[in-house]
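Structure file structure.cif with mmCIF, C-alpha atoms:
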data_upload
#
loop_
_atom_site.label_atom_id
_atom_site.label_comp_id
_atom_site.auth_asym_id
_atom_site.auth_seq_id
_atom_site.Cartn_x
_atom_site.Cartn_y
_atom_site.Cartn_z
CA MET J 1 -93.11 136.50 -106.00
CA LYS J 2 -95.69 133.76 -105.47
CA ALA J 3 -94.44 130.37 -104.30
CA VAL J 4 -95.75 127.17 -102.72
CA ILE J 5 -94.49 126.93 -99.15
CA GLN J 6 -93.97 123.76 -97.09
CA ASP J 7 -92.92 124.71 -93.56
CA ARG J 8 -93.15 121.21 -92.09
CA TYR J 9 -93.51 117.56 -93.08
CA GLY J 10 -97.00 116.13 -93.38
CA THR J 11 -99.89 115.77 -95.80
CA ALA J 12 -100.90 118.09 -98.62
CA ASP J 13 -102.72 120.27 -96.10
CA VAL J 14 -99.42 121.75 -94.88
CA LEU J 15 -98.91 123.47 -98.25
CA ALA J 16 -99.83 127.10 -98.85
CA VAL J 17 -99.09 129.80 -101.43
CA ASP J 18 -97.38 132.90 -100.11
CA ASP J 19 -95.38 135.92 -101.24
CA ILE J 20 -91.64 135.53 -100.71
CA PRO J 21 -88.68 137.60 -101.94
CA GLU J 22 -87.62 137.02 -105.52
CA PRO J 23 -84.22 135.25 -105.49
CA VAL J 24 -81.10 137.09 -106.62
CA PRO J 25 -78.78 134.89 -108.71
CA ALA J 26 -75.17 134.50 -107.66
CA ASP J 27 -72.39 135.07 -110.17
CA ASP J 28 -72.51 131.40 -111.17
CA GLU J 29 -76.32 131.11 -111.32
CA VAL J 30 -79.17 131.98 -113.64
CA LEU J 31 -82.54 133.36 -112.60
CA VAL J 32 -85.30 131.41 -114.34
CA ARG J 33 -88.84 132.69 -114.79
CA VAL J 34 -90.65 129.39 -114.22
CA ARG J 35 -93.41 128.65 -116.72
CA ALA J 36 -94.06 125.03 -115.73
CA ALA J 37 -92.96 122.60 -113.03
CA SER J 38 -93.75 118.91 -112.56
CA LEU J 39 -94.00 116.58 -109.58
CA ASN J 40 -92.07 113.37 -109.03
CA GLY J 41 -92.31 110.55 -106.54
CA SER J 42 -89.48 112.27 -104.67
CA ASP J 43 -91.77 115.30 -104.15
CA ARG J 44 -94.33 113.03 -102.49
CA GLU J 45 -91.62 111.66 -100.21
CA ASN J 46 -90.21 115.11 -99.45
CA LEU J 47 -93.67 116.33 -98.44
CA ALA J 48 -94.26 113.46 -96.03
CA GLY J 49 -90.68 113.22 -94.80
CA ARG J 50 -90.82 109.49 -95.46
CA PRO J 51 -88.89 107.30 -96.19
CA PHE J 52 -86.22 108.59 -93.83
CA TYR J 53 -83.85 109.58 -96.64
CA ALA J 54 -86.42 112.22 -97.62
CA ARG J 55 -85.26 114.19 -94.55
CA LEU J 56 -81.73 114.65 -95.82
CA GLY J 57 -82.87 118.17 -96.71
CA GLY J 58 -83.88 118.89 -93.11
CA LEU J 59 -84.41 116.52 -90.21
CA ARG J 60 -87.34 118.32 -88.53
CA ARG J 61 -88.52 120.53 -91.39
CA PRO J 62 -87.35 121.25 -94.95
CA ARG J 63 -84.45 123.67 -95.02
CA SER J 64 -85.71 124.92 -98.38
CA PRO J 65 -89.44 125.60 -97.96
CA VAL J 66 -90.36 125.60 -101.67
CA PRO J 67 -90.94 122.10 -103.14
CA GLY J 68 -90.48 120.97 -106.73
CA SER J 69 -87.36 120.01 -108.70
CA ASP J 70 -88.34 119.75 -112.39
CA VAL J 71 -88.87 123.10 -114.13
CA ALA J 72 -89.12 124.73 -117.53
CA GLY J 73 -89.01 128.44 -118.14
CA VAL J 74 -87.16 131.47 -119.49
CA VAL J 75 -83.84 132.85 -118.28
CA ALA J 76 -84.57 136.24 -116.74
CA ALA J 77 -81.02 137.08 -115.65
CA ALA J 78 -77.58 135.48 -115.67
CA GLY J 79 -74.72 135.86 -113.20
CA ALA J 80 -71.48 137.49 -114.27
CA SER J 81 -69.62 134.18 -114.75
CA VAL J 82 -72.39 132.35 -116.62
CA THR J 83 -71.63 131.68 -120.28
CA ASP J 84 -74.06 128.84 -121.04
CA PHE J 85 -77.24 130.91 -121.20
CA ALA J 86 -78.44 134.48 -121.63
CA PRO J 87 -81.66 136.29 -120.75
CA GLY J 88 -84.49 135.18 -123.02
CA ASP J 89 -83.24 131.59 -123.47
CA GLU J 90 -85.89 128.91 -122.92
CA VAL J 91 -84.52 126.21 -120.62
CA PHE J 92 -85.59 123.18 -118.58
CA GLY J 93 -84.10 120.70 -116.17
CA GLU J 94 -83.71 119.62 -112.55
CA LEU J 95 -82.80 121.88 -109.67
CA ALA J 96 -79.81 121.14 -107.47
CA GLY J 97 -81.14 120.12 -104.08
CA TYR J 98 -84.41 118.89 -105.61
CA ARG J 99 -86.40 121.89 -104.31
CA GLY J 100 -87.43 125.42 -105.28
CA GLY J 101 -89.41 124.82 -108.48
CA LEU J 102 -92.97 125.66 -107.41
CA ALA J 103 -92.43 129.40 -107.60
CA GLU J 104 -92.55 132.17 -110.16
CA TYR J 105 -88.73 132.47 -110.13
CA VAL J 106 -85.84 130.25 -109.11
CA ALA J 107 -82.07 130.87 -109.02
CA THR J 108 -80.02 127.82 -109.92
CA PRO J 109 -76.63 126.79 -111.34
CA PRO J 110 -76.95 126.35 -115.11
CA ARG J 111 -75.04 123.04 -115.23
CA LEU J 112 -78.24 120.96 -114.87
CA LEU J 113 -80.30 122.96 -117.36
CA ALA J 114 -80.69 122.35 -121.08
CA ARG J 115 -82.18 124.41 -123.89
CA LYS J 116 -85.86 123.65 -124.39
CA PRO J 117 -86.53 122.32 -127.89
CA PRO J 118 -88.89 124.68 -129.75
CA GLY J 119 -91.29 121.84 -130.54
CA LEU J 120 -92.01 121.10 -126.87
CA SER J 121 -94.37 123.10 -124.70
CA PHE J 122 -93.16 124.23 -121.28
CA ALA J 123 -95.47 121.64 -119.69
CA GLN J 124 -94.05 118.82 -121.82
CA ALA J 125 -90.46 119.89 -121.12
CA ALA J 126 -91.08 120.09 -117.37
CA ALA J 127 -92.41 116.52 -117.43
CA ILE J 128 -89.12 115.08 -118.71
CA PRO J 129 -86.11 115.71 -116.42
CA GLN J 130 -86.15 113.34 -113.43
CA ALA J 131 -88.45 110.74 -115.00
CA GLY J 132 -86.56 110.83 -118.27
CA CYS J 133 -83.17 110.33 -116.63
CA ILE J 134 -84.55 107.41 -114.61
CA ALA J 135 -85.92 105.88 -117.81
CA LEU J 136 -82.60 106.34 -119.59
CA ARG J 137 -80.50 104.78 -116.84
CA SER J 138 -82.89 101.93 -116.04
CA THR J 139 -83.23 100.74 -119.65
CA ARG J 140 -79.63 100.95 -120.81
CA GLY J 141 -78.37 97.65 -122.15
CA LEU J 142 -81.79 96.28 -123.01
CA ARG J 143 -81.96 94.25 -126.19
CA PRO J 144 -84.88 93.23 -128.41
CA GLY J 145 -86.75 90.28 -126.99
CA MET J 146 -85.86 90.86 -123.35
CA GLN J 147 -88.62 90.58 -120.78
CA VAL J 148 -88.93 93.68 -118.55
CA LEU J 149 -91.23 94.40 -115.63
CA VAL J 150 -91.88 97.96 -114.40
CA ASN J 151 -93.44 98.17 -110.94
CA GLY J 152 -95.25 101.46 -110.30
CA ALA J 153 -95.56 102.07 -114.03
CA GLY J 154 -98.66 104.25 -113.78
CA GLY J 155 -97.09 106.97 -111.64
CA ALA J 156 -94.96 110.02 -112.30
CA GLY J 157 -91.98 108.24 -113.86
CA GLY J 158 -93.32 104.90 -115.01
CA ALA J 159 -94.64 105.91 -118.42
CA LEU J 160 -91.23 106.99 -119.71
CA VAL J 161 -89.56 103.84 -118.31
CA THR J 162 -92.23 101.70 -119.97
CA GLY J 163 -92.08 103.60 -123.25
CA LEU J 164 -88.30 103.55 -123.49
CA ALA J 165 -88.07 99.84 -122.63
CA LYS J 166 -90.56 99.18 -125.41
CA HIS J 167 -88.61 101.42 -127.80
CA ARG J 168 -85.50 99.35 -127.08
CA GLY J 169 -87.35 96.22 -128.18
CA ALA J 170 -88.28 94.67 -124.84
CA THR J 171 -91.55 92.97 -124.02
CA VAL J 172 -92.87 95.07 -121.14
CA THR J 173 -95.06 94.05 -118.21
CA ALA J 174 -96.36 97.11 -116.35
CA VAL J 175 -97.67 96.87 -112.77
CA ASP J 176 -100.05 99.33 -111.14
CA ARG J 177 -103.71 99.62 -110.12
CA ALA J 178 -106.35 97.79 -112.12
CA ASP J 179 -108.00 101.03 -113.23
CA LYS J 180 -104.78 102.11 -114.97
CA ALA J 181 -104.55 99.11 -117.30
CA GLU J 182 -105.64 101.00 -120.43
CA TYR J 183 -103.26 103.84 -119.66
CA LEU J 184 -100.37 101.40 -119.18
CA ARG J 185 -101.00 99.78 -122.54
CA HIS J 186 -101.21 103.23 -124.16
CA ALA J 187 -97.79 103.99 -122.62
CA GLY J 188 -96.36 100.94 -124.41
CA ALA J 189 -96.89 97.99 -122.08
CA ASP J 190 -97.51 94.60 -123.64
CA HIS J 191 -99.04 93.28 -120.42
CA ALA J 192 -100.69 95.09 -117.51
CA VAL J 193 -100.72 93.53 -114.04
CA ALA J 194 -103.10 94.84 -111.35
CA PHE J 195 -101.28 94.67 -108.04
CA GLU J 196 -104.59 94.28 -106.18
CA GLU J 197 -105.26 91.05 -108.05
CA GLU J 198 -101.87 89.47 -108.66
CA ASP J 199 -98.42 89.53 -107.05
CA TRP J 200 -95.84 89.86 -109.80
CA ALA J 201 -93.12 88.61 -107.43
CA ASP J 202 -94.67 85.14 -107.83
CA HIS J 203 -93.74 85.13 -111.54
CA ARG J 204 -90.81 82.77 -111.20
CA SER J 205 -87.84 83.08 -113.58
CA ARG J 206 -89.74 85.30 -116.03
CA TYR J 207 -87.91 88.64 -116.37
CA ASP J 208 -84.53 89.79 -117.60
CA ARG J 209 -84.91 93.11 -115.80
CA ILE J 210 -87.22 94.48 -113.11
CA VAL J 211 -87.38 98.24 -112.55
CA ASP J 212 -89.02 98.90 -109.18
CA LEU J 213 -90.17 102.48 -108.65
CA VAL J 214 -92.08 101.69 -105.42
CA ALA J 215 -90.09 98.87 -103.81
CA HIS J 216 -91.53 97.26 -100.69
CA ARG J 217 -90.72 93.54 -101.13
CA SER J 218 -87.67 91.72 -99.87
CA PRO J 219 -85.00 91.38 -102.58
CA HIS J 220 -84.50 87.78 -101.43
CA ARG J 221 -88.04 87.11 -102.70
CA VAL J 222 -88.08 89.38 -105.73
CA HIS J 223 -84.94 87.99 -107.36
CA ARG J 224 -86.76 84.70 -107.91
CA ALA J 225 -88.82 86.46 -110.61
CA LEU J 226 -85.60 87.05 -112.56
CA ARG J 227 -84.16 84.82 -115.21
CA PRO J 228 -80.53 83.71 -114.82
CA GLY J 229 -78.32 86.75 -115.33
CA GLY J 230 -81.25 89.15 -114.82
CA ALA J 231 -81.22 92.43 -112.90
CA TYR J 232 -83.50 93.90 -110.24
CA LEU J 233 -83.10 97.69 -110.03
CA VAL J 234 -84.56 99.57 -107.06
CA VAL J 235 -85.33 103.19 -107.95
CA GLY J 236 -87.58 104.23 -105.06
CA GLY J 237 -89.44 102.73 -102.14
CA TYR J 238 -89.07 101.93 -98.45
CA THR J 239 -85.73 102.67 -96.80
CA ARG J 240 -85.52 99.12 -95.45
CA VAL J 241 -85.83 97.72 -98.98
CA LEU J 242 -83.15 100.02 -100.36
CA VAL J 243 -80.81 99.01 -97.53
CA ALA J 244 -81.71 95.34 -98.01
CA ALA J 245 -80.98 95.58 -101.74
CA LEU J 246 -77.56 97.08 -101.04
CA LEU J 247 -76.72 94.39 -98.47
CA ALA J 248 -78.26 91.44 -100.28
CA GLY J 249 -76.93 92.33 -103.72
CA PRO J 250 -73.45 90.79 -103.44
CA PRO J 251 -74.46 87.42 -101.91
CA ILE J 252 -77.35 87.05 -104.37
CA ARG J 253 -74.99 87.75 -107.27
CA TRP J 254 -72.40 85.26 -105.93
CA THR J 255 -74.93 82.46 -105.45
CA THR J 256 -77.29 83.01 -108.42
CA GLY J 257 -75.54 85.24 -110.94
CA LYS J 258 -78.41 87.73 -110.74
CA HIS J 259 -77.86 91.43 -110.12
CA VAL J 260 -79.80 93.11 -107.28
CA GLY J 261 -79.12 96.72 -106.38
CA VAL J 262 -80.17 100.34 -106.12
CA LEU J 263 -80.09 102.29 -109.38
CA ALA J 264 -78.07 105.50 -109.08
CA VAL J 265 -79.59 108.30 -111.16
CA PRO J 266 -77.41 111.41 -110.81
CA GLN J 267 -78.65 114.76 -112.03
CA SER J 268 -77.10 115.15 -115.47
CA ARG J 269 -77.49 117.58 -118.35
CA ALA J 270 -76.01 114.98 -120.73
CA ASP J 271 -78.63 112.39 -119.74
CA LEU J 272 -81.39 114.99 -120.00
CA GLU J 273 -80.32 115.98 -123.50
CA GLU J 274 -80.05 112.32 -124.56
CA VAL J 275 -83.54 111.39 -123.42
CA THR J 276 -85.02 114.62 -124.78
CA ALA J 277 -83.62 113.76 -128.20
CA LEU J 278 -85.66 110.54 -128.03
CA VAL J 279 -88.74 112.62 -127.20
CA THR J 280 -88.25 115.09 -130.04
CA GLY J 281 -87.47 112.18 -132.36
CA GLY J 282 -90.83 110.60 -131.61
CA ALA J 283 -89.58 107.56 -129.68
CA LEU J 284 -91.06 108.77 -126.38
CA VAL J 285 -94.01 110.90 -125.32
CA PRO J 286 -94.03 112.69 -121.94
CA ALA J 287 -97.24 111.76 -120.14
CA VAL J 288 -98.92 114.82 -118.61
CA ASP J 289 -101.69 113.87 -116.20
CA ARG J 290 -103.13 117.28 -115.27
CA VAL J 291 -102.01 120.90 -115.18
CA TYR J 292 -102.60 122.83 -111.93
CA ARG J 293 -102.16 126.39 -110.75
CA LEU J 294 -99.83 127.12 -107.83
CA ASP J 295 -102.80 127.79 -105.55
CA GLU J 296 -104.05 124.28 -106.32
CA ALA J 297 -100.93 122.68 -104.81
CA PRO J 298 -102.77 120.84 -102.00
CA ALA J 299 -105.08 119.14 -104.53
CA ALA J 300 -102.15 118.29 -106.82
CA PHE J 301 -100.07 116.74 -104.03
CA ALA J 302 -103.11 114.89 -102.67
CA ARG J 303 -103.64 113.34 -106.12
CA LEU J 304 -99.97 112.34 -106.23
CA ALA J 305 -100.09 110.85 -102.73
CA ALA J 306 -103.22 108.83 -103.54
CA GLY J 307 -101.58 107.42 -106.68
CA ASP J 308 -104.44 108.64 -108.83
CA ASN J 309 -102.20 110.34 -111.40
CA ARG J 310 -101.51 108.80 -114.77
CA GLY J 311 -98.14 110.28 -115.63
CA LYS J 312 -96.81 113.67 -114.57
CA ILE J 313 -98.70 116.24 -112.56
CA VAL J 314 -97.65 119.63 -113.92
CA PHE J 315 -98.02 123.18 -112.63
CA GLY J 316 -98.56 125.93 -115.20
CA ILE J 317 -97.24 129.29 -114.04
CA PRO J 318 -98.33 132.15 -116.34
#

Would you encode the structure as structure tokens?
Amino acid sequence: MKAVIQDRYGTADVLAVDDIPEPVPADDEVLVRVRAASLNGSDRENLAGRPFYARLGGLRRPRSPVPGSDVAGVVAAAGASVTDFAPGDEVFGELAGYRGGLAEYVATPPRLLARKPPGLSFAQAAAIPQAGCIALRSTRGLRPGMQVLVNGAGGAGGALVTGLAKHRGATVTAVDRADKAEYLRHAGADHAVAFEEEDWADHRSRYDRIVDLVAHRSPHRVHRALRPGGAYLVVGGYTRVLVAALLAGPPIRWTTGKHVGVLAVPQSRADLEEVTALVTGGALVPAVDRVYRLDEAPAAFARLAAGDNRGKIVFGIP
């Protein structure tokens, strides 16, 4: 089968398409004929091997050479002990290990997959899993009238976070490049902040919740933008910031009453089905930036790395 291969960490130039053996599913796995796969910020990190936690899947090189974790496709075969799905079922979801999706076939445990709603295309379904689960977890507990800031709102996951916060009744400030302002407002933002022109961390005591998808500021500085009782949730960013958020969280909470921490987003079929119901119900729209072929992987990853994408970069695999 055809697959995108990453044999070392680096830039998009290390990627190539090659023929590799088609996987054989174990008794507790399904073989999925991949029809679409989407990229996340984690795929950008796993390509570069930075931040350091991106090398948990291989210190010197990726143990699994095929990138991509969000897929949609058709079950081609099912292991002897699988009862959830049968050949011909249309499914989508995340892959355990966060790799293997940019290929014509992938073998994976069915516990993280869900049935694709008939009203969604494969490209739309592939754009939901990781970003949708982040959106679901980061916006739980929001109430109408709350002030929410989403940093990195114009990237792979930001549109669903912005849209779901707005659906829950919050007033949303979205931060990204100046040239994405119109896109951010289309995604549901009430206000768009260009990070080249304004530092949102200087907005003192303004937000009830900050969702940071690209954290690089000290939490000791960022928490000042929160209102009393507010929460700063780190989803992705520099390792030093994630560590700082974990260490600084308790003393900041004890002295100010504000919550600072790293948002845990486990892979979950239940979360995926919950957020997909919001999509099929019209509350959310998956943002698809562009659709690429497998042999266009270097261009797709280069666009992701440059931050030029508006929403999800998707691969269509005929």

Practice item. Dump as a ChimeraX atom specification all residues having an atom at most 12 Å from (-85.8, 98.3, -95.4), computed in the file's coordinates with only C-alpha atoms. Key: /J:51-53,215-219,234,236-248

Review point. Which residues fall under the PyMOL selection byres ((chain J and resi 7) around 7) in this file, as an NGL selection string?
Key: :J and (5-6 or 8 or 61-62 or 65)

Study note, to complete from the structure: A straight line from CA of Gly155 (chain J) to CA of Arg224 (chain J) spans 24.8 Å

Review point. With distances taken over all atoms listed in the file, which of J:Pro286, J:Gly79, J:Gly281, J:Gly257 is nearest to Glu29 (chain J)?
Key: J:Gly79

Practice item. Spell out the residues picked by the PyMOL selection byres ((chain J and resi 191-201) around 7) here, as number ranges by chain. Key: J: 172-178, 181, 184-185, 189-190, 202-203, 222, 225

Exercise for review: Evaluate the PyMOL selection byres ((chain J and resi 266) around 12) here and jot the selected residues down as a list in words.
Suggested key: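 Residues picked by the PyMOL selection byres ((chain J and resi 266) around 12): Glu94, Leu95, Ala96, Gly97, Tyr98, Leu112, Pro129, Gln130, Ala131, Gly132, Cys133, Ile134, Leu136, Arg137, Val235, Leu263, Ala264, Val265, Gln267, Ser268, Arg269, Ala270, Asp271 and Leu272 of chain J.
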
**Study point:** Closest of J:Val150, J:Val4, J:Val314, J:Leu226 to Ala287 (chain J) - atom-to-atom distances counting only C-alpha atoms
**Key:**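 Of all the options, J:Val314 lies closest to Ala287 (chain J).
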
**Study point:** Pairwise distance for CA of Ala107 (chain J) and CA of Ala26 (chain J), rounded to one decimal in Å
**Key:**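 About the pair CA of Ala107 (chain J) and CA of Ala26 (chain J): they are 7.9 Å apart.
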
Revision key, fill the gap. Asp212 (chain J) proximity check over J:Ile313, J:Ala36, J:Leu233, J:Leu102, using all atoms listed in the file: winner is J:Leu233

Practice item. Find, counting all atoms listed in the file, the residue in J:Ile20, J:Leu213, J:Ala12, J:Ala159 that gets nearest to Ala48 (chain J). Key: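 Result for the nearest residue to Ala48 (chain J): J:Ala12.
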
**Study point:** Of the listed residues J:His167, J:Ile317, J:Leu304, J:Arg209, that which approaches Leu47 (chain J) most closely, counting only C-alpha atoms
**Key:**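 Closest to Leu47 (chain J) of all the choices is J:Leu304.
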
Study note, to complete from the structure: Using all atoms listed in the file, the shortest atom-to-atom distance to Leu142 (chain J) among J:Ser121, J:Thr171, J:Thr256, J:Ser205 belongs to J:Thr171

Practice item. Please indicate the distance in Å from CA of Lys180 (chain J) to CA of Arg140 (chain J), rounded to one decimal place. Key: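 Result for CA of Lys180 (chain J) versus CA of Arg140 (chain J): 25.8 Å, one decimal.
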